file start-v2.cif (mmCIF, C-alpha atoms)
data_my_file
loop_
_atom_site.label_atom_id
_atom_site.label_comp_id
_atom_site.auth_asym_id
_atom_site.auth_seq_id
_atom_site.Cartn_x
_atom_site.Cartn_y
_atom_site.Cartn_z
CA MET A 764 0.00 0.00 0.00
CA LEU A 765 2.83 2.43 0.88
CA ALA A 766 4.67 1.65 -2.38
CA ARG A 767 1.54 2.37 -4.34
CA GLU A 768 1.10 5.75 -2.67
CA ARG A 769 4.72 6.68 -3.41
CA SER A 770 4.28 5.73 -7.03
CA PHE A 771 1.16 7.86 -7.17
CA ARG A 772 2.95 10.90 -5.81
CA ARG A 773 5.91 10.45 -8.11
CA ARG A 774 3.66 10.26 -11.16
CA LEU A 775 1.67 13.27 -9.85
CA GLY A 776 4.83 15.36 -9.54
CA GLU A 777 5.93 14.47 -13.04
CA HIS A 778 2.49 15.26 -14.39
CA ILE A 779 2.36 18.66 -12.69
CA ARG A 780 5.82 19.63 -13.83
CA GLY A 781 4.99 18.68 -17.39
CA SER A 782 1.60 20.41 -17.34
CA ALA A 783 2.29 23.46 -15.18
CA VAL A 784 1.32 26.05 -17.79
CA ALA A 785 -1.91 24.20 -18.52
CA TYR A 786 -2.85 24.12 -14.91
CA VAL A 787 -2.15 27.87 -14.52
CA ALA A 788 -4.40 28.63 -17.46
CA LEU A 789 -7.04 26.42 -15.90
CA PHE A 790 -6.79 28.22 -12.60
CA VAL A 791 -7.10 31.59 -14.38
CA ALA A 792 -10.14 30.45 -16.29
CA LEU A 793 -11.75 29.13 -13.17
CA GLY A 794 -10.77 32.16 -11.14
CA GLY A 795 -13.20 34.59 -12.86
CA THR A 796 -13.06 38.00 -11.26
CA SER A 797 -10.14 36.83 -9.19
CA TYR A 798 -8.06 36.63 -12.35
CA ALA A 799 -9.12 40.20 -13.26
CA ALA A 800 -8.01 41.46 -9.92
CA ILE A 801 -4.70 39.62 -10.02
CA LYS A 802 -2.87 39.95 -13.27
CA LEU A 803 0.04 37.64 -13.81
CA PRO A 804 2.30 38.12 -16.77
CA ALA A 805 2.14 35.46 -19.35
CA GLY A 806 4.49 32.61 -18.70
CA SER A 807 5.24 33.96 -15.24
CA VAL A 808 4.02 30.78 -13.39
CA GLY A 809 6.03 27.65 -13.95
CA THR A 810 7.26 24.69 -12.05
CA THR A 811 9.72 26.97 -10.32
CA GLN A 812 7.00 29.14 -8.85
CA LEU A 813 5.01 26.19 -7.41
CA LYS A 814 5.84 25.03 -3.95
CA LYS A 815 6.47 21.40 -3.44
CA GLY A 816 3.27 19.74 -2.36
CA ALA A 817 1.20 22.90 -3.17
CA VAL A 818 -1.01 20.99 -5.57
CA THR A 819 -2.73 18.07 -3.76
CA PRO A 820 -5.08 15.52 -5.29
CA THR A 821 -8.09 17.22 -3.69
CA LYS A 822 -7.32 20.41 -5.61
CA LEU A 823 -7.55 18.59 -8.90
CA SER A 824 -10.71 17.96 -10.80
CA LYS A 825 -12.25 14.54 -10.85
CA GLY A 826 -11.38 14.14 -14.49
CA ILE A 827 -7.74 14.89 -13.80
CA ARG A 828 -7.75 12.51 -10.89
CA ASP A 829 -9.31 9.75 -13.03
CA GLN A 830 -6.65 10.29 -15.68
CA LEU A 831 -3.94 10.13 -13.06
CA ALA A 832 -5.41 7.00 -11.60
CA ALA A 833 -5.52 5.39 -15.03
CA LYS A 834 -1.90 6.26 -15.59
CA THR A 835 -0.84 4.85 -12.21
CA THR A 836 -2.57 1.50 -12.82
CA PRO A 837 -0.03 -0.73 -14.41
CA VAL A 838 -0.99 -2.56 -17.55
CA THR A 839 -0.43 -6.28 -17.39
CA GLY A 840 1.39 -7.48 -20.42
CA GLN A 841 1.67 -11.01 -21.80
CA VAL A 842 3.54 -13.55 -19.68
CA GLY A 843 7.00 -13.85 -20.99
CA ALA A 844 8.80 -17.10 -21.61
CA ALA A 845 10.22 -18.79 -18.54
CA GLY A 846 13.79 -17.88 -17.91
CA PRO A 847 16.45 -20.50 -17.45
CA ALA A 848 16.52 -22.31 -14.12
CA GLY A 849 18.68 -20.64 -11.59
CA VAL A 850 21.58 -22.28 -9.88
CA THR A 851 20.46 -24.51 -7.02
CA GLY A 852 20.92 -22.68 -3.81
CA ALA A 853 22.87 -24.04 -0.88
CA THR A 854 21.05 -26.53 1.36
CA GLY A 855 19.34 -24.73 4.14
CA GLN A 856 19.75 -25.63 7.76
CA THR A 857 17.70 -28.53 9.04
CA GLY A 858 14.52 -27.22 10.50
CA ALA A 859 13.36 -27.99 14.00
CA ALA A 860 11.75 -31.40 14.51
CA GLY A 861 8.05 -31.27 14.03
CA ALA A 862 5.60 -32.41 16.63
CA ALA A 863 5.06 -36.17 16.83
CA GLY A 864 2.18 -37.34 14.74
CA GLN A 865 -0.61 -39.52 16.04
CA THR A 866 0.14 -43.21 16.45
CA GLY A 867 -0.91 -45.06 13.38
CA ALA A 868 -3.13 -48.12 13.42
CA THR A 869 -1.48 -51.44 14.29
CA GLY A 870 -0.31 -53.16 11.18
CA ALA A 871 -1.18 -56.75 10.31
CA ALA A 872 0.91 -59.43 12.01
CA GLY A 873 3.94 -60.40 10.01
CA VAL A 874 4.73 -63.93 8.92
CA PRO A 875 6.42 -65.83 11.80
CA GLY A 876 10.15 -66.03 11.39
CA ALA A 877 12.03 -69.30 11.22
CA ASN A 878 12.95 -70.97 14.52
CA GLY A 879 16.30 -69.93 15.81
CA ALA A 880 19.04 -72.43 16.50
CA THR A 881 18.86 -74.24 19.85
CA GLY A 882 20.92 -72.47 22.44
CA ALA A 883 23.63 -74.14 24.47
CA VAL A 884 22.53 -76.10 27.55
CA GLY A 885 22.58 -73.86 30.57
CA ALA A 886 24.44 -74.66 33.76
CA LYS A 887 22.72 -77.02 36.18
CA GLY A 888 20.62 -75.14 38.66
CA ALA A 889 20.81 -75.60 42.39
CA THR A 890 18.88 -78.54 43.85
CA GLY A 891 15.46 -77.45 44.99
CA ALA A 892 14.08 -78.08 48.44
CA THR A 893 12.70 -81.56 49.11
CA GLY A 894 8.98 -81.63 48.50
CA ALA A 895 6.43 -82.94 50.96
CA ALA A 896 6.06 -86.72 51.13
CA GLY A 897 3.32 -88.03 48.90
CA ALA A 898 0.48 -90.19 50.10
CA PRO A 899 1.29 -93.95 50.26
CA GLY A 900 0.42 -95.71 47.05
CA ALA A 901 -1.95 -98.63 46.83
CA THR A 902 -0.54 -102.05 47.70
CA GLY A 903 0.61 -103.79 44.57
CA ALA A 904 -0.41 -107.26 43.53
CA LYS A 905 1.43 -110.14 45.13
CA GLY A 906 4.47 -111.08 43.14
CA ALA A 907 5.27 -114.53 41.92
CA THR A 908 6.97 -116.91 44.33
CA GLY A 909 10.69 -116.77 43.96
CA ALA A 910 12.83 -119.74 43.14
CA THR A 911 13.77 -122.02 46.01
CA GLY A 912 17.10 -121.07 47.45
CA THR A 913 19.99 -123.44 47.83
CA THR A 914 19.99 -125.73 50.81
CA GLY A 915 22.07 -124.35 53.62
CA ALA A 916 24.69 -126.25 55.51
CA ASP A 917 23.50 -128.84 58.01
CA GLY A 918 22.82 -127.42 61.41
CA VAL A 919 21.24 -128.54 64.65
CA LEU A 920 17.69 -127.27 65.00
CA ALA A 921 16.94 -129.00 68.31
CA SER A 922 18.19 -131.82 70.57
CA SER A 923 17.16 -133.90 73.60
CA PHE A 924 18.36 -136.82 75.70
CA ALA A 925 17.34 -139.35 78.34
CA THR A 926 19.41 -141.58 80.64
CA ARG A 927 18.70 -144.32 83.20
CA ASN A 928 21.43 -145.52 85.59
CA SER A 929 22.06 -148.98 87.04
CA ALA A 930 20.08 -148.23 90.19
CA SER A 931 16.93 -147.89 88.13
CA SER A 932 16.72 -151.13 86.16
CA VAL A 933 13.64 -152.39 84.28
CA GLY A 934 12.75 -156.14 84.27
CA LEU A 935 11.71 -157.49 80.86
CA THR A 936 8.72 -159.67 80.15
CA SER A 937 7.40 -161.40 77.09
CA SER A 938 5.37 -158.28 76.38
CA THR A 939 7.09 -155.29 74.78
CA ALA A 940 7.70 -152.48 77.27
CA THR A 941 9.28 -149.01 77.15
CA VAL A 942 12.55 -148.97 79.06
CA ILE A 943 13.26 -145.26 78.39
CA ALA A 944 11.72 -142.34 76.45
CA LEU A 945 12.45 -138.65 75.98
CA SER A 946 9.05 -137.94 77.53
CA SER A 947 9.60 -140.16 80.59
CA PRO A 948 9.30 -138.29 83.89
CA THR A 949 12.55 -137.52 85.63
CA GLY A 950 13.23 -139.22 88.96
CA GLY A 951 14.53 -142.44 90.58
CA GLY A 952 17.72 -142.64 88.51
CA LEU A 953 15.99 -141.39 85.32
CA VAL A 954 16.81 -138.03 83.72
CA THR A 955 15.06 -136.80 80.56
CA ASP A 956 14.95 -133.56 78.52
CA GLY A 957 11.56 -133.99 76.85
CA PRO A 958 10.52 -134.52 73.21
CA VAL A 959 12.35 -132.81 70.35
CA VAL A 960 10.32 -129.90 68.95
CA THR A 961 10.97 -128.57 65.43
CA THR A 962 9.29 -125.65 63.66
CA THR A 963 10.23 -126.91 60.24
CA ALA A 964 10.94 -130.17 58.51
CA ALA A 965 14.04 -131.86 59.90
CA ARG A 966 16.06 -135.02 59.99
CA LEU A 967 16.25 -136.86 63.34
CA VAL A 968 19.51 -138.64 64.16
CA VAL A 969 18.94 -141.10 67.03
CA ALA A 970 21.52 -143.04 69.04
CA GLY A 971 20.68 -145.38 71.92
CA ALA A 972 22.40 -148.01 74.06
CA THR A 973 21.06 -150.33 76.73
CA GLU A 974 22.73 -152.92 78.97
CA LEU A 975 20.85 -156.21 79.44
CA PHE A 976 21.87 -158.58 82.22
CA ILE A 977 20.94 -161.81 84.01
CA GLY A 978 21.75 -162.09 87.65
CA ASN A 979 23.99 -164.77 89.19
CA SER A 980 20.98 -166.67 90.58
CA ASN A 981 20.01 -168.13 87.19
CA SER A 982 22.03 -170.16 84.76
CA GLU A 983 19.27 -170.85 82.21
CA LEU A 984 19.14 -169.84 78.60
CA GLY A 985 17.82 -166.32 77.96
CA ARG A 986 16.94 -164.18 74.93
CA ALA A 987 15.74 -160.55 74.46
CA ASN A 988 15.07 -157.92 71.74
CA CYS A 989 15.16 -154.07 71.75
CA ALA A 990 14.19 -151.45 69.12
CA LEU A 991 13.70 -147.65 68.64
CA ARG A 992 10.20 -146.14 68.31
CA LEU A 993 9.06 -142.65 67.19
CA THR A 994 5.86 -140.91 68.17
CA THR A 995 5.09 -137.58 66.44
CA ASN A 996 2.50 -135.18 67.84
CA ALA A 997 1.13 -137.89 70.17
CA GLY A 998 0.24 -140.16 67.24
CA ALA A 999 0.77 -143.92 66.93
CA PRO A 1000 4.38 -145.06 67.53
CA VAL A 1001 6.37 -146.37 64.57
CA SER A 1002 9.61 -148.38 64.52
CA ILE A 1003 12.71 -146.61 63.23
CA GLY A 1004 16.06 -148.13 62.48
CA THR A 1005 16.78 -151.82 62.98
CA GLY A 1006 16.03 -153.73 66.20
CA ARG A 1007 18.72 -155.76 67.93
CA GLU A 1008 18.45 -159.17 69.61
CA VAL A 1009 20.75 -160.80 72.21
CA THR A 1010 21.00 -164.43 73.50
CA PHE A 1011 22.38 -165.48 76.87
CA GLU A 1012 23.87 -168.99 76.82
CA GLN A 1013 23.44 -171.33 79.77
CA ASN A 1014 26.01 -170.80 82.47
CA GLY A 1015 26.74 -173.76 84.76
CA ALA A 1016 28.84 -171.61 87.08
CA ILE A 1017 25.78 -169.49 87.76
CA ALA A 1018 27.60 -166.17 87.23
CA ALA A 1019 26.01 -162.85 86.26
CA ARG A 1020 25.89 -162.17 82.53
CA PHE A 1021 25.81 -158.78 80.62
CA ARG A 1022 25.16 -157.77 77.00
CA THR A 1023 25.04 -154.21 75.50
CA LEU A 1024 22.80 -153.43 72.56
CA ASN A 1025 23.55 -150.29 70.42
CA LEU A 1026 20.69 -148.83 68.42
CA VAL A 1027 20.89 -146.10 65.73
CA ALA A 1028 18.40 -144.59 63.26
CA THR A 1029 17.81 -141.55 61.00
CA VAL A 1030 14.38 -140.40 59.92
CA ASP A 1031 12.95 -137.31 58.19
CA VAL A 1032 10.07 -135.67 60.00
CA ALA A 1033 7.77 -132.72 59.51
CA ALA A 1034 7.52 -129.87 61.96
CA GLY A 1035 6.12 -130.92 65.32
CA SER A 1036 6.83 -132.61 68.66
CA HIS A 1037 8.81 -135.85 68.37
CA ASP A 1038 9.15 -138.38 71.19
CA VAL A 1039 11.71 -141.22 70.80
CA SER A 1040 11.81 -144.31 73.02
CA ILE A 1041 13.57 -147.67 73.43
CA GLN A 1042 11.27 -150.62 73.79
CA CYS A 1043 12.37 -154.19 74.76
CA ASN A 1044 10.85 -157.61 75.37
CA ARG A 1045 12.00 -161.10 76.50
CA PHE A 1046 11.50 -164.32 74.55
CA ASP A 1047 10.34 -167.34 76.64
CA SER A 1048 10.11 -170.91 75.38
CA PRO A 1049 9.20 -174.14 77.22
CA GLY A 1050 11.80 -175.96 75.15
CA PRO A 1051 13.58 -177.89 74.50
CA PRO A 1052 15.70 -176.04 75.18
CA VAL A 1053 13.89 -174.15 77.86
CA VAL A 1054 14.30 -170.37 77.58
CA ASN A 1055 13.11 -168.59 80.67
CA ALA A 1056 16.01 -166.73 82.33
CA PRO A 1057 14.92 -163.37 83.81
CA ILE A 1058 16.50 -160.37 81.98
CA SER A 1059 16.66 -156.73 83.10
CA ALA A 1060 17.67 -153.46 81.31
CA ARG A 1061 19.82 -150.80 82.98
CA ASN A 1062 22.48 -148.13 82.19
CA ILE A 1063 20.34 -146.90 79.28
CA ASP A 1064 21.27 -143.79 77.21
CA LEU A 1065 19.25 -142.11 74.44
CA SER A 1066 20.12 -138.94 72.47
CA VAL A 1067 18.32 -137.27 69.54
CA LEU A 1068 19.47 -134.46 67.23
CA ALA A 1069 17.14 -132.62 64.83
CA LEU A 1070 19.16 -131.41 61.82
CA ARG A 1071 18.24 -129.00 59.10
#
call {"tool": "encode", "arguments": {"input": "start-v2.cif", "output": "structure tokens"}}
result
Amino acid sequence: MLARERSFRRRLGEHIRGSAVAYVALFVALGGTSYAAIKLPAGSVGTTQLKKGAVTPTKLSKGIRDQLAAKTTPVTGQVGAAGPAGVTGATGQTGAAGAAGQTGATGAAGVPGANGATGAVGAKGATGATGAAGAPGATGAKGATGATGTTGADGVLASSFATRNSASSVGLTSSTATVIALSSPTGGGLVTDGPVVTTTAARLVVAGATELFIGNSNSELGRANCALRLTTNAGAPVSIGTGREVTFEQNGAIAARFRTLNLVATVDVAAGSHDVSIQCNRFDSPGPPVVNAPISARNIDLSVLALR
């Protein structure tokens, strides 16, 4: 706006200086009686006589002002051809960072990448605290019976004995009688230890000895027999081993006569209570020859071992 006003004034000054005489004539014509009163010599008013700024736009006629306005309006000519491109200027300084824009929408998930290589095994961690004991599990089914183990070395499972001295003799008859047994009551020259008791199957080893004699008051012929018997759990007695028999010849000198019978046996038994005894009897015959000498048993020993 200021540039336009300056241009207007410059053009106005040029116009006035070029048209000074015309304007003076105009003023005289318009002045009427004023011109008659004031007589100026011809050509006496020029640009030199006018003060700077004496003629303002408001003192000009509208027609003059319109003409001046038309002259001050620039006439737009045709657009000329584009000039050659100028040299590219130096790069300007980087401007300040702009404000952060709004976060954009989340993009679609990308295709999963390939699995990475397995990492090295890490160091072993410290042992954790022992956990609480779990509840006992159900009892499993009974397993199959194992194979039978090898038989162990022989050993004594149990033992017993019985003994009868010479002061406690037993007279024999034709009927079989027990002269000693493990279960016989102790007393009167007889000592016993009771039946052999085993809690498992065992082998009984039995050894017995008895002395048979005929006193010096009889010189007749005599004969006797003795054998071992076994009774298990109070059942019926059975013979074990081999019985022995002895014969006393006639003795004219009428002297006492002695014979010792040794008895042995082995037998396998089941678990239980086992009583062993020695039983003897005398043979009598009316003859000939007559056999009727009295025979007694004394100094009797019996021992039993139960082995595994």
call {"tool": "residues_around", "arguments": {"input": "start-v2.cif", "residues": "Ala990 in chain A", "least_positions_apart": "3", "cutoff": "8 Å", "atoms": "all atoms listed in the file", "output": "PyMOL selection string"}}
result
chain A and resi 1002-1007+1026+1041-1043
call {"tool": "resolve_selection", "arguments": {"input": "start-v2.cif", "expression": "the PyMOL selection byres ((chain A and resi 1028) around 7)", "output": "PyMOL selection string"}}
result
chain A and resi 968-970+1003-1004+1027+1029-1030
call {"tool": "residues_around", "arguments": {"input": "start-v2.cif", "residues": "range 934-943 of chain A", "least_positions_apart": "2", "cutoff": "9 Å", "atoms": "all atoms listed in the file", "output": "VMD selection string"}}
result
chain A and resid 925 to 927 932 945 to 947 953 955 973 987 to 989 1039 to 1047 1057 to 1061 1063 to 1065
call {"tool": "write_last_selection", "arguments": {"input": "start-v2.cif", "atoms": "C-alpha atoms", "output": "mmCIF file, in the coordinates of the input"}}
result
data_model
loop_
_atom_site.group_PDB
_atom_site.id
_atom_site.type_symbol
_atom_site.label_atom_id
_atom_site.label_comp_id
_atom_site.auth_asym_id
_atom_site.auth_seq_id
_atom_site.Cartn_x
_atom_site.Cartn_y
_atom_site.Cartn_z
ATOM 1 C CA ALA A 925 17.340 -139.350 78.340
ATOM 2 C CA THR A 926 19.410 -141.580 80.640
ATOM 3 C CA ARG A 927 18.700 -144.320 83.200
ATOM 4 C CA SER A 932 16.720 -151.130 86.160
ATOM 5 C CA LEU A 945 12.450 -138.650 75.980
ATOM 6 C CA SER A 946 9.050 -137.940 77.530
ATOM 7 C CA SER A 947 9.600 -140.160 80.590
ATOM 8 C CA LEU A 953 15.990 -141.390 85.320
ATOM 9 C CA THR A 955 15.060 -136.800 80.560
ATOM 10 C CA THR A 973 21.060 -150.330 76.730
ATOM 11 C CA ALA A 987 15.740 -160.550 74.460
ATOM 12 C CA ASN A 988 15.070 -157.920 71.740
ATOM 13 C CA CYS A 989 15.160 -154.070 71.750
ATOM 14 C CA VAL A 1039 11.710 -141.220 70.800
ATOM 15 C CA SER A 1040 11.810 -144.310 73.020
ATOM 16 C CA ILE A 1041 13.570 -147.670 73.430
ATOM 17 C CA GLN A 1042 11.270 -150.620 73.790
ATOM 18 C CA CYS A 1043 12.370 -154.190 74.760
ATOM 19 C CA ASN A 1044 10.850 -157.610 75.370
ATOM 20 C CA ARG A 1045 12.000 -161.100 76.500
ATOM 21 C CA PHE A 1046 11.500 -164.320 74.550
ATOM 22 C CA ASP A 1047 10.340 -167.340 76.640
ATOM 23 C CA PRO A 1057 14.920 -163.370 83.810
ATOM 24 C CA ILE A 1058 16.500 -160.370 81.980
ATOM 25 C CA SER A 1059 16.660 -156.730 83.100
ATOM 26 C CA ALA A 1060 17.670 -153.460 81.310
ATOM 27 C CA ARG A 1061 19.820 -150.800 82.980
ATOM 28 C CA ILE A 1063 20.340 -146.900 79.280
ATOM 29 C CA ASP A 1064 21.270 -143.790 77.210
ATOM 30 C CA LEU A 1065 19.250 -142.110 74.440
#
call {"tool": "atom_distance", "arguments": {"input": "start-v2.cif", "atom1": "CA of Arg966 in chain A", "atom2": "CA of Gly909 in chain A"}}
result
24.9 Å
call {"tool": "atom_distance", "arguments": {"input": "start-v2.cif", "atom1": "CA of Leu1024 in chain A", "atom2": "CA of Arg1071 in chain A"}}
result
28.3 Å
call {"tool": "resolve_selection", "arguments": {"input": "start-v2.cif", "expression": "the PyMOL selection byres ((chain A and resi 976-986) around 6)", "output": "ChimeraX atom specification"}}
result
/A:975,987,1009-1015,1017-1021,1046,1054-1056,1058-1059
call {"tool": "closest_residue", "arguments": {"input": "start-v2.cif", "among": "A:Gly918, A:Gly952, A:Gly1050, A:Pro958", "to": "Val933 in chain A", "atoms": "all atoms listed in the file"}}
result
A:Gly952
call {"tool": "resolve_selection", "arguments": {"input": "start-v2.cif", "expression": "the PyMOL selection byres ((chain A and resi 962) around 12)", "output": "PyMOL selection string"}}
result
chain A and resi 920-921+959-961+963-965+1032-1037+1069-1071
